[in-house]
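K.L.:
Just upload_35.txt, nothing more (compact mmCIF, C-alpha atoms and all ligand atoms):
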```txt
# COMPACT_ATOMS: atom_id res chain seq x y z
CA MET A 9 27.37 12.71 -9.10
CA GLN A 10 23.70 13.52 -9.46
CA ALA A 11 20.65 12.18 -7.66
CA GLU A 12 17.38 12.00 -9.55
CA PHE A 13 14.36 11.50 -7.31
CA LEU A 14 12.21 9.06 -9.30
CA GLY A 15 9.83 8.63 -6.39
CA VAL A 16 9.61 10.23 -2.96
CA GLY A 17 6.51 8.55 -1.49
CA GLU A 18 5.80 5.96 1.19
CA ALA A 19 4.31 2.51 0.55
CA CYS A 20 0.61 3.46 0.26
CA ASP A 21 0.79 6.90 -1.37
CA GLU A 22 -1.69 7.13 -4.27
CA THR A 23 0.00 10.08 -5.95
CA LEU A 24 3.74 9.81 -5.29
CA PRO A 25 5.75 6.79 -6.47
CA ASN A 26 7.64 4.84 -3.77
CA THR A 27 10.90 6.39 -2.70
CA SER A 28 13.50 5.51 -5.34
CA VAL A 29 16.57 7.45 -6.43
CA LEU A 30 18.59 7.17 -9.64
CA VAL A 31 22.24 8.07 -9.06
CA ARG A 32 24.01 9.26 -12.21
CA CYS A 33 27.80 9.52 -12.37
CA GLU A 34 29.00 11.09 -15.62
CA GLY A 35 32.38 9.38 -16.00
CA ASP A 36 33.71 7.21 -18.78
CA PRO A 37 31.83 4.94 -18.72
CA PRO A 38 28.88 6.70 -17.07
CA ARG A 39 27.35 4.86 -14.09
CA ARG A 40 23.65 4.56 -13.27
CA ILE A 41 22.60 3.16 -9.92
CA LEU A 42 19.08 2.72 -8.67
CA LEU A 43 18.50 3.05 -4.93
CA ASP A 44 15.48 0.93 -3.98
CA CYS A 45 12.78 -0.34 -6.29
CA GLY A 46 9.32 -0.59 -4.74
CA PHE A 47 5.92 -1.46 -6.27
CA THR A 48 5.53 1.88 -8.08
CA ALA A 49 9.16 2.74 -8.90
CA PRO A 50 9.48 1.04 -12.33
CA PRO A 51 7.36 3.44 -14.48
CA PRO A 52 9.39 6.57 -13.59
CA LEU A 53 12.59 4.52 -14.01
CA PHE A 54 11.54 3.41 -17.51
CA ALA A 55 10.65 7.00 -18.40
CA SER A 56 13.95 8.38 -17.15
CA LEU A 57 16.19 5.58 -18.44
CA PRO A 58 14.53 3.99 -21.49
CA ASP A 59 17.73 2.29 -22.70
CA PRO A 60 17.55 -1.31 -21.32
CA GLU A 61 21.37 -1.47 -21.07
CA ALA A 62 21.83 1.78 -19.16
CA LEU A 63 21.33 0.66 -15.56
CA ASP A 64 24.48 -0.72 -13.86
CA ALA A 65 23.24 -1.66 -10.40
CA VAL A 66 20.33 -1.72 -7.99
CA TRP A 67 20.75 -1.18 -4.26
CA ILE A 68 18.04 -2.68 -2.04
CA SER A 69 17.99 -1.22 1.47
CA HIS A 70 15.59 -3.84 2.89
CA PHE A 71 12.93 -6.35 1.92
CA HIS A 72 9.71 -4.37 2.44
CA GLY A 73 7.55 -4.27 -0.70
CA ASP A 74 7.83 -0.52 -1.21
CA HIS A 75 11.61 -1.01 -1.56
CA ILE A 76 11.94 -4.26 -3.53
CA PHE A 77 8.69 -5.37 -5.18
CA GLY A 78 9.33 -3.38 -8.38
CA LEU A 79 12.26 -5.61 -9.28
CA PRO A 80 10.33 -8.33 -11.18
CA LEU A 81 8.92 -5.70 -13.52
CA VAL A 82 12.33 -4.14 -14.10
CA LEU A 83 13.75 -7.58 -14.95
CA LEU A 84 10.78 -8.39 -17.20
CA ARG A 85 11.23 -5.21 -19.20
CA MET A 86 14.99 -5.73 -19.51
CA TRP A 87 14.37 -9.27 -20.79
CA GLU A 88 11.70 -8.06 -23.20
CA SER A 89 13.98 -5.29 -24.49
CA GLY A 90 16.87 -7.71 -25.07
CA ARG A 91 19.34 -6.51 -22.45
CA ARG A 92 22.75 -8.28 -22.65
CA ARG A 93 24.85 -6.49 -20.06
CA LYS A 94 25.38 -7.84 -16.54
CA LEU A 95 23.25 -6.22 -13.82
CA ILE A 96 24.52 -5.90 -10.27
CA PHE A 97 22.31 -6.19 -7.20
CA ALA A 98 23.70 -4.94 -3.93
CA GLY A 99 22.26 -5.19 -0.45
CA GLN A 100 22.20 -7.20 2.73
CA GLU A 101 22.71 -10.91 3.30
CA GLY A 102 19.90 -12.96 1.76
CA ILE A 103 19.30 -10.61 -1.18
CA THR A 104 19.99 -13.33 -3.78
CA ASP A 105 17.24 -15.62 -2.47
CA ARG A 106 14.82 -12.76 -2.03
CA ILE A 107 15.22 -11.54 -5.63
CA ARG A 108 14.84 -15.11 -6.92
CA GLN A 109 11.68 -15.67 -4.88
CA ILE A 110 9.86 -12.53 -5.94
CA ALA A 111 10.91 -12.80 -9.60
CA GLU A 112 9.72 -16.43 -9.68
CA LEU A 113 6.40 -15.55 -8.04
CA ALA A 114 5.73 -12.70 -10.45
CA TYR A 115 6.96 -14.36 -13.68
CA PRO A 116 7.79 -18.07 -13.31
CA GLY A 117 10.88 -19.04 -15.29
CA LEU A 118 11.94 -15.45 -15.91
CA GLU A 119 15.40 -15.72 -14.39
CA ALA A 120 16.36 -18.65 -16.65
CA LYS A 121 15.26 -16.69 -19.73
CA LEU A 122 17.27 -13.55 -19.02
CA GLY A 123 19.90 -12.86 -21.65
CA PHE A 124 22.19 -11.26 -19.06
CA LYS A 125 23.90 -12.19 -15.80
CA LEU A 126 22.78 -11.10 -12.37
CA GLU A 127 25.70 -10.44 -10.05
CA VAL A 128 25.07 -9.98 -6.34
CA LYS A 129 27.20 -7.98 -3.91
CA GLU A 130 26.28 -8.65 -0.31
CA LEU A 131 27.28 -6.10 2.28
CA GLY A 132 27.14 -6.52 6.04
CA SER A 133 26.63 -3.64 8.43
CA GLY A 134 29.93 -1.77 8.74
CA GLN A 135 31.34 -3.26 5.54
CA SER A 136 32.64 -1.47 2.46
CA ALA A 137 33.19 -2.61 -1.10
CA HIS A 138 34.51 -0.97 -4.24
CA PHE A 139 32.85 -1.58 -7.60
CA LEU A 140 31.60 0.49 -10.56
CA ASP A 141 34.21 3.14 -9.65
CA LEU A 142 32.35 3.82 -6.40
CA THR A 143 32.91 2.97 -2.77
CA TRP A 144 29.86 1.43 -1.15
CA THR A 145 29.55 1.33 2.65
CA ALA A 146 26.57 0.01 4.61
CA ALA A 147 25.30 0.39 8.17
CA GLN A 148 22.15 -0.90 9.83
CA THR A 149 19.45 1.57 10.91
CA LEU A 150 16.64 1.12 13.46
CA HIS A 151 13.78 -0.12 11.26
CA SER A 152 11.20 -2.89 11.94
CA ARG A 153 12.92 -5.03 9.34
CA ARG A 154 16.69 -5.21 8.96
CA ASN A 155 17.59 -2.16 6.86
CA LEU A 156 20.97 -0.99 5.62
CA ALA A 157 21.71 2.66 5.00
CA LEU A 158 24.22 3.22 2.19
CA ARG A 159 27.06 5.65 1.67
CA LEU A 160 28.20 6.00 -1.95
CA GLU A 161 31.37 7.86 -2.83
CA ASN A 162 33.32 8.72 -5.94
CA ASP A 163 35.76 11.50 -6.81
CA GLY A 164 35.11 13.20 -3.49
CA ALA A 165 31.33 13.31 -3.93
CA SER A 166 29.41 11.43 -1.26
CA LEU A 167 25.80 10.52 -0.83
CA TYR A 168 24.03 8.91 2.14
CA TYR A 169 20.75 7.08 1.59
CA SER A 170 18.92 5.91 4.69
CA GLY A 171 16.42 3.43 3.32
CA ASP A 172 13.94 3.18 6.22
CA GLY A 173 14.47 3.83 9.91
CA PRO A 174 16.15 6.35 12.18
CA ALA A 175 19.94 6.33 12.28
CA SER A 176 21.84 4.03 14.63
CA ALA A 177 25.17 5.08 16.16
CA GLU A 178 26.85 3.13 13.37
CA SER A 179 24.90 4.70 10.51
CA GLU A 180 25.32 8.16 12.03
CA ASP A 181 29.07 7.63 12.04
CA MET A 182 28.94 6.51 8.41
CA ALA A 183 26.95 9.61 7.44
CA ARG A 184 29.60 12.07 8.54
CA ASP A 185 30.37 14.95 6.14
CA CYS A 186 28.38 13.70 3.18
CA GLY A 187 27.46 15.98 0.31
CA LEU A 188 23.85 14.85 0.14
CA MET A 189 21.89 13.02 2.80
CA ILE A 190 18.67 11.43 1.53
CA HIS A 191 16.68 10.44 4.59
CA GLU A 192 13.26 8.98 5.16
CA ALA A 193 11.07 11.14 7.40
CA TYR A 194 7.73 9.47 7.93
CA THR A 195 6.28 12.19 10.13
CA ALA A 196 6.62 15.96 9.91
CA GLY A 197 6.46 16.83 13.61
CA GLN A 198 7.71 15.33 16.84
CA ASP A 199 5.29 12.37 16.84
CA ARG A 200 7.30 9.35 15.95
CA ILE A 201 6.04 6.15 14.34
CA PRO A 202 8.18 3.27 15.67
CA GLY A 203 10.83 2.28 13.14
CA HIS A 204 10.69 5.57 11.26
CA ALA A 205 12.36 8.97 11.54
CA THR A 206 10.74 12.40 11.90
CA VAL A 207 11.63 15.60 10.03
CA PRO A 208 13.18 17.25 13.15
CA GLU A 209 15.28 14.12 13.83
CA CYS A 210 16.59 14.14 10.26
CA LEU A 211 17.50 17.82 10.50
CA ASP A 212 19.35 17.18 13.77
CA LEU A 213 21.18 14.24 12.23
CA ALA A 214 22.16 16.20 9.11
CA ARG A 215 23.48 19.08 11.24
CA ARG A 216 25.35 16.81 13.66
CA THR A 217 27.03 14.91 10.84
CA GLY A 218 27.81 18.00 8.75
CA ALA A 219 25.79 17.09 5.65
CA SER A 220 25.86 19.81 2.97
CA SER A 221 22.30 19.04 1.82
CA LEU A 222 19.37 17.07 3.16
CA ALA A 223 16.56 15.63 1.04
CA LEU A 224 13.55 14.42 3.02
CA VAL A 225 11.63 11.56 1.43
CA HIS A 226 9.06 8.85 2.36
CA LEU A 227 6.87 11.35 4.22
CA GLN A 228 3.54 9.77 5.18
CA ARG A 229 0.92 10.73 2.54
CA GLU A 230 -1.50 12.61 4.85
CA GLU A 231 1.39 14.46 6.47
CA ARG A 232 2.72 15.47 3.08
CA ARG A 233 -0.70 16.65 1.91
CA ARG A 234 -1.32 18.58 5.09
CA TYR A 235 2.11 20.03 5.79
CA GLY A 236 4.09 19.67 2.54
CA GLU A 237 3.94 23.29 1.38
CA GLU A 238 4.45 24.66 4.87
CA LEU A 239 7.43 22.34 5.33
CA LYS A 240 9.01 23.47 2.07
CA GLU A 241 8.81 27.11 3.12
CA TRP A 242 10.18 26.32 6.55
CA LEU A 243 13.12 24.35 5.12
CA ASP A 244 13.84 27.13 2.62
CA GLY A 245 14.42 29.49 5.52
CA PHE A 246 17.46 27.62 6.91
CA GLU A 247 20.82 29.16 6.16
CA ASP A 248 23.12 26.58 7.73
CA ILE A 249 21.88 23.64 5.66
CA SER A 250 20.20 23.19 2.32
CA ALA A 251 17.21 21.04 3.28
CA PHE A 252 14.39 20.26 0.89
CA LEU A 253 11.38 18.09 0.15
CA PRO A 254 12.01 16.87 -3.40
CA GLU A 255 9.28 16.30 -5.96
CA PRO A 256 9.37 13.27 -8.28
CA GLY A 257 11.64 13.96 -11.25
CA GLU A 258 13.76 16.49 -9.37
CA MET A 259 17.51 16.28 -9.97
CA HIS A 260 20.11 17.30 -7.40
CA THR A 261 23.87 17.65 -7.91
CA VAL A 262 25.75 16.00 -5.03
CA GLU A 263 28.33 18.33 -3.53
CA GLN A 264 31.79 17.24 -2.50
CA GLY A 265 31.77 15.99 1.07
CA SER A 266 34.58 17.14 3.34
CA ARG A 267 35.69 13.65 4.40
ZN ZN A 301 10.38 -0.46 5.48
ZN ZN A 302 9.40 2.16 3.15
```
Give the structure from this file in structure tokens form.

P.N.:
Amino acid sequence: MQAEFLGVGEACDETLPNTSVLVRCEGDPPRRILLDCGFTAPPPLFASLPDPEALDAVWISHFHGDHIFGLPLVLLRMWESGRRRKLIFAGQEGITDRIRQIAELAYPGLEAKLGFKLEVKELGSGQSAHFLDLTWTAAQTLHSRRNLALRLENDGASLYYSGDGPASAESEDMARDCGLMIHEAYTAGQDRIPGHATVPECLDLARRTGASSLALVHLQREERRRYGEELKEWLDGFEDISAFLPEPGEMHTVEQGSR
């Protein structure tokens, strides 16, 4: 399992695309799963995966624009490129209506014109499902809008993706012993913005849960500009955990979790 960081930015970042991760599983057939799809996620997705049939599923952590508003453009391009294969959407309750609403607002009539089926998998907090040769488990975090963190597992490799918000007791439990934790950290220091995690909190969480690696994403743009390089050096110095601040386009191989 590999994680490609298409975007690592927050909603308003003018240089970094919104946080969006392409998970690649090289089995037979290979699986391609997109984690979140905000306003600015589609261009790097199109560049990385130009084949309109290649994407299997999209996970939407929550309904803020920097996590879902790229979907109409992804659907438009798939329609324009003649996609035929079913596309799966996975996320919390209400995701079907939300996708319909934003697609209809952006391109009226688009859904009816699609030459492929949209299949929706709704997950509640604490629920698991198995599809595309992967186990998907969700748990709510502590964000301003209902947000589900996701744990994805196959062949012993496990990835945790926070979406937005600090971990709850439930999502912390779900995160245990994952190979790669991808966590939003909106602020670099101790100052916390309500509904978001800080870099020190993410490091504590990753250590407590025994994550092999920690990727910090969604850092507030001024914080990243000011402290990004310093943070990278600081994270490089840790020996007990491989923690890093990915750049867009960076690829990371997900290690086998111990659970
Ligand atoms: Zn949000
Ligand atoms: Zn966000």

K.L.:
With distances taken over only C-alpha atoms and all ligand atoms, which residue among A:Asp248, A:Glu34, A:Glu238, A:Glu192 lies nearest ligand ZN 301 (chain A)?

P.N.:
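Under the stated criterion, the closest residue is A:Glu192.
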
K.L.:
Around ligand ZN 301 (chain A), at most 9 Å away and counting only C-alpha atoms and all ligand atoms, which residues are there? Put them as a list in words, please.

P.N.:
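Written in the requested form, the residues are Glu18, Ala19, Ser69, His70, Phe71, His72, Gly73, Asp74, His75, His151, Ser152, Arg153, Arg154, Asn155, Gly171, Asp172, Gly173, Gly203 and His204 of chain A.
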
K.L.:
Just the selected residues (C-alpha atoms), exported as a PDB file, keeping the file's coordinate frame, please.

P.N.:
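Ended up saving to again_0.pdb:
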```
ATOM      1  CA  GLU A  18       5.800   5.960   1.190  1.00  0.00           C
ATOM      2  CA  ALA A  19       4.310   2.510   0.550  1.00  0.00           C
ATOM      3  CA  SER A  69      17.990  -1.220   1.470  1.00  0.00           C
ATOM      4  CA  HIS A  70      15.590  -3.840   2.890  1.00  0.00           C
ATOM      5  CA  PHE A  71      12.930  -6.350   1.920  1.00  0.00           C
ATOM      6  CA  HIS A  72       9.710  -4.370   2.440  1.00  0.00           C
ATOM      7  CA  GLY A  73       7.550  -4.270  -0.700  1.00  0.00           C
ATOM      8  CA  ASP A  74       7.830  -0.520  -1.210  1.00  0.00           C
ATOM      9  CA  HIS A  75      11.610  -1.010  -1.560  1.00  0.00           C
ATOM     10  CA  HIS A 151      13.780  -0.120  11.260  1.00  0.00           C
ATOM     11  CA  SER A 152      11.200  -2.890  11.940  1.00  0.00           C
ATOM     12  CA  ARG A 153      12.920  -5.030   9.340  1.00  0.00           C
ATOM     13  CA  ARG A 154      16.690  -5.210   8.960  1.00  0.00           C
ATOM     14  CA  ASN A 155      17.590  -2.160   6.860  1.00  0.00           C
ATOM     15  CA  GLY A 171      16.420   3.430   3.320  1.00  0.00           C
ATOM     16  CA  ASP A 172      13.940   3.180   6.220  1.00  0.00           C
ATOM     17  CA  GLY A 173      14.470   3.830   9.910  1.00  0.00           C
ATOM     18  CA  GLY A 203      10.830   2.280  13.140  1.00  0.00           C
ATOM     19  CA  HIS A 204      10.690   5.570  11.260  1.00  0.00           C
TER      20      HIS A 204
END
```

K.L.:
What is the distance, in Å and to one decimal place, between atom CA of A:Ile76 and atom CA of A:Lys94?

P.N.:
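Distance between the two atoms: 19.0 Å.
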
K.L.:
To one decimal place, how far is atom CA of A:Gly90 from atom CA of A:Phe77 in Å?

P.N.:
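Separation of atom CA of A:Gly90 and atom CA of A:Phe77: 21.6 Å.
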
K.L.:
Residues within 6 Å of A:Glu61, please, as a list in words. Count all atoms listed in the file; anything in the same chain fewer than 2 positions from it doesn't count.

P.N.:
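Result of the neighbour search: Asp59, Leu63 and Arg91 of chain A.
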
K.L.:
May I ask which of the residues A:Asp141, A:Glu180, A:Leu83, A:Leu126 is the closest one to A:Asp36, counting only C-alpha atoms?

P.N.:
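Nearest to A:Asp36: A:Asp141.
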
K.L.:
Excluding same-chain residues fewer than 6 positions from A:Glu12, what lies within 8 Å of it counting all atoms listed in the file, as a ChimeraX atom specification?

P.N.:
/A:29-32,257-260

K.L.:
With all atoms listed in the file as the basis for distance, which of A:Leu118, A:Val225, A:Met86, A:Ala55 is at the shortest distance from ligand ZN 302 (chain A)?

P.N.:
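Among the listed residues, A:Val225 lies closest to ligand ZN 302 (chain A).
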
K.L.:
At a cut-off of 12 Å, using all atoms listed in the file, what residues contact A:Gly78? Leave out same-chain residues fewer than 6 positions from it and give the result as a list of chain:residue names.

P.N.:
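Listing them by chain and then by number gives A:Ala19, A:Pro25, A:Asn26, A:Thr27, A:Ser28, A:Leu42, A:Leu43, A:Asp44, A:Cys45, A:Gly46, A:Phe47, A:Thr48, A:Ala49, A:Pro50, A:Pro51, A:Pro52, A:Leu53, A:Phe54, A:Val66, A:Ile68, A:Phe71, A:His72, A:Leu84, A:Arg85, A:Ile107, A:Ile110, A:Ala111, A:Ala114.
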
K.L.:
Can you pull out every residue within 7 Å of stretch 95-103 of chain A, counting all atoms listed in the file, but drop anything in the same chain fewer than 3 positions away, and send it as number ranges by chain?

P.N.:
A: 64-69, 106-107, 125-132, 156

K.L.:
Please provide as a PyMOL selection string all residues within 12 Å of A:Ala175, with the sequence filter that same-chain residues fewer than 5 positions apart are discarded (counting only C-alpha atoms).

P.N.:
chain A and resi 146-151+155-158+168-170+180-184+189-193+203-206+209-214+216-217

K.L.:
Output C-alpha atoms for every residue in that selection, as a CSV table (one decimal), in the frame of the given file.

P.N.:
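Resulting contents of result-v8.csv:
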```
chain,number,residue,atom,x,y,z
A,146,ALA,CA,26.6,0.0,4.6
A,147,ALA,CA,25.3,0.4,8.2
A,148,GLN,CA,22.2,-0.9,9.8
A,149,THR,CA,19.4,1.6,10.9
A,150,LEU,CA,16.6,1.1,13.5
A,151,HIS,CA,13.8,-0.1,11.3
A,155,ASN,CA,17.6,-2.2,6.9
A,156,LEU,CA,21.0,-1.0,5.6
A,157,ALA,CA,21.7,2.7,5.0
A,158,LEU,CA,24.2,3.2,2.2
A,168,TYR,CA,24.0,8.9,2.1
A,169,TYR,CA,20.8,7.1,1.6
A,170,SER,CA,18.9,5.9,4.7
A,180,GLU,CA,25.3,8.2,12.0
A,181,ASP,CA,29.1,7.6,12.0
A,182,MET,CA,28.9,6.5,8.4
A,183,ALA,CA,27.0,9.6,7.4
A,184,ARG,CA,29.6,12.1,8.5
A,189,MET,CA,21.9,13.0,2.8
A,190,ILE,CA,18.7,11.4,1.5
A,191,HIS,CA,16.7,10.4,4.6
A,192,GLU,CA,13.3,9.0,5.2
A,193,ALA,CA,11.1,11.1,7.4
A,203,GLY,CA,10.8,2.3,13.1
A,204,HIS,CA,10.7,5.6,11.3
A,205,ALA,CA,12.4,9.0,11.5
A,206,THR,CA,10.7,12.4,11.9
A,209,GLU,CA,15.3,14.1,13.8
A,210,CYS,CA,16.6,14.1,10.3
A,211,LEU,CA,17.5,17.8,10.5
A,212,ASP,CA,19.4,17.2,13.8
A,213,LEU,CA,21.2,14.2,12.2
A,214,ALA,CA,22.2,16.2,9.1
A,216,ARG,CA,25.4,16.8,13.7
A,217,THR,CA,27.0,14.9,10.8
```

K.L.:
Given the choices A:Gly134, A:Pro202, A:Met9, A:Asp21, which gets closest to A:Ala177 if the distance is worked out from all atoms listed in the file?

P.N.:
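Between A:Gly134, A:Pro202, A:Met9, A:Asp21, the residue approaching A:Ala177 most closely is A:Gly134.
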
K.L.:
Tell me which of A:Glu263, A:His226, A:Gly218, A:Asp163 sits closest to ligand ZN 302 (chain A), counting only C-alpha atoms and all ligand atoms.

P.N.:
A:His226

K.L.:
In Å, rounded to a single decimal, give me how far atom CA of A:Cys186 is from atom CA of A:Glu237.

P.N.:
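According to the coordinates, atom CA of A:Glu237 and atom CA of A:Cys186 are separated by 26.3 Å.
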
K.L.:
Looking at A:Trp87, A:Arg229, A:Thr145, A:Gly35, which one is nearest to A:Ala120, with distances taken over all atoms listed in the file?

P.N.:
A:Trp87
